[in-house]
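S.K.: Following this message is one structure expressed as structure tokens.
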Number of protein chains: 2
Amino acid sequence: MILPDPLQKLINALERLPGIGPKSASRLAFFLLRSGDDLADELAQALHGLKERVAFCQECFNITSAGREHCEICDDPRRDSTLLCVVEDALDVLSLERTGGFPGKYHVLHGVLSPIEGIGPDDLKIQPLIERVRRGGIKEVILATNPSMEGDATALYLRQRLEPFGLRVTRLARGLPVGGDLEYADQNTLLRALAGRQEMD
Amino acid sequence: MILPDPLQKLINALERLPGIGPKSASRLAFFLLRSGDDLADELAQALHGLKERVAFCQECFNITSAGREHCEICDDPRRDSTLLCVVEDALDVLSLERTGGFPGKYHVLHGVLSPIEGIGPDDLKIQPLIERVRRGGIKEVILATNPSMEGDATALYLRQRLEPFGLRVTRLARGLPVGGDLEYADQNTLLRALAGRQEMD
């Protein structure tokens, strides 16, 4: 069946989103077509010129509204400026903020080192991080890149770069996820959980 | 964290789509923000005024481009007009068309009978179906509503309504899905597969 052109175009665009295959794309397109309210138009408005309306914080490279130099977090005087959490991307900031348990500020690398994909230190926001640390006032840097091969390698590289500044450099704890099951934990996670075992208090 | 307003609005809109929760919505929004090409604007264009650009076929109530009276299938002289397949919605037409195995035409009910949700025969395109059959030329009606309780009830109701016309009324076969596994088939499906067993040829 040749679908009406507007619908086919919408399905094609939706298919390009991550995790959305041809069937989901059709289902979403038909849902948007049927939805009683003006969800389709609302979504269209939210998408229109998205990139022009969002900018990156010039301090931590987190996202912020266009026209602002700094993000909400960097501008917040209540945040602890001596504690810096380095993450791969802005989504990670969102996850950490959801916990409500981090009082410091962030630095978004916008990626990880990946020799295979040709991503080196100059492709990431590493130089601005070094300069931020050099300016002083930071006592601890938490390297919160993902617990993956690339994330670990990037953390290792950053630790070396930060060594001369004599500050505390930490990495997020590895172990069993809360609510997890020993039986289903993979070998590496279990080994890490063993190695990182702590006194009960 | 308070996200930039344009991004938050996008996440809110995406969350209203079926099967997309808060985490997926954030992930999609950030993907759209980062995507190198102009996917966000392309999607915005495809969504803008979607409903105004899509209409329903006046014969079978399948979707078609705005301004057209009939859909591609109803207008296609190569399709068998004596064979009519009744489906719940336009997505089902898409699924059946993908098989490439149905030579006839369709009739889209736009829902199923559901006393609980207060959907009666007048809320569906049942009257137009009866009139279509009354006009003559149709030899077989395949009731291809979903094999669910509501789908079965709707099929049963339609069979009664179509009885006076003396045409062949069929229902899609029930049984084991191709590539399926006896071990994982539910009881009802297995019972149906047994009852509907066929001679090997």
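FYI, nothing fancy with the structure tokens labels: chains A, B, ... in order, residues from 1 per chain, ligands from 1 as they appear.
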Show me, as JSON, numbers by chain, the residues of chain B whose atoms get within 8 Å of chain A, using only C-alpha atoms for the distance check.
M.R.: {"B": [1, 2, 3, 4, 5, 6, 7, 9, 10, 13, 14, 17, 18, 26, 27, 28, 30, 31, 32, 33, 39, 40, 41, 42, 43, 44, 45, 46, 47, 48, 49, 50, 51, 53, 54, 63, 64, 65, 72, 73, 91, 94, 97, 98]}
S.K.: Please report, as an NGL selection string, each residue of segment 18-191 of chain B to which DSSP assigns helix (DSSP H, G or I) when run on this structure's backbone.
M.R.: :B and (22-34 or 39-47 or 50-53 or 72-75 or 90-99 or 115-117 or 121-123 or 126-134 or 149-165 or 182-184 or 187-191)
S.K.: So the first atom is atom CA of Arg68 of chain B and the second is atom CA of Pro128 of chain B; what is the distance between them in Å, to one decimal place?
M.R.: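 Spanning atom CA of Arg68 of chain B to atom CA of Pro128 of chain B is a straight-line distance of 18.3 Å.
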S.K.: Which residue out of A:Leu182, A:Leu143, A:Leu158, A:Cys60 has the minimum interatomic distance to Leu113 of chain A when only C-alpha atoms are used?
M.R.: A:Leu158
S.K.: Which value, in Å to one decimal, gives the distance between atom CA of Ala195 of chain A and atom CA of Arg171 of chain A?
M.R.: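 Going from atom CA of Ala195 of chain A over to atom CA of Arg171 of chain A, I get 14.5 Å.
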S.K.: If you run DSSP on the backbone, which residues of segment 28-179 of chain B are strand (DSSP E or B), as a list in words?
M.R.: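 Answer for segment 28-179 of chain B, restricted to strand (DSSP E or B): Val54, Ala55, Phe56, Ile63, Thr64, Ser65, Asp80, Ser81, Thr82, Leu83, Leu84, Cys85, Val86, Val87, Gly104, Lys105, Tyr106, His107, Val108, Ser114, Ile119, Glu140, Val141, Ile142, Leu143, Arg168, Val169, Thr170 and Arg171 of chain B.
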S.K.: Name all residues at most 9 Å from segment 116-123 of chain B (count only C-alpha atoms; drop same-chain ones fewer than 5 positions away) and give them as a PDB file with C-alpha atoms, in the first residue's frame.
M.R.:
ATOM      1  CA  HIS B 110     -12.239   2.517  13.250  1.00  0.00           C
ATOM      2  CA  GLY B 111     -12.579   0.539  16.454  1.00  0.00           C
ATOM      3  CA  THR B 154     -17.485  -7.457  16.902  1.00  0.00           C
ATOM      4  CA  TYR B 157     -22.135  -9.046  15.639  1.00  0.00           C
TER       5      TYR B 157
END
S.K.: So the first atom is atom CA of Asp201 of chain A and the second is atom CA of Val169 of chain A; what is the distance between them in Å, to one decimal place?
M.R.: 25.1 Å
S.K.: Could you tell me which of B:Pro77, B:Asp152, B:Glu140, B:Leu190 comes closest to Ser114 of chain B if we count only C-alpha atoms?
M.R.: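 Looking only at the distances to Ser114 of chain B, the closest residue turns out to be B:Asp152.
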S.K.: With only C-alpha atoms as the basis for distance, which of A:Ile138, A:Cys57, A:Ala144, A:Ile130 is at the shortest distance from Asp92 of chain A?
M.R.: A:Ala144
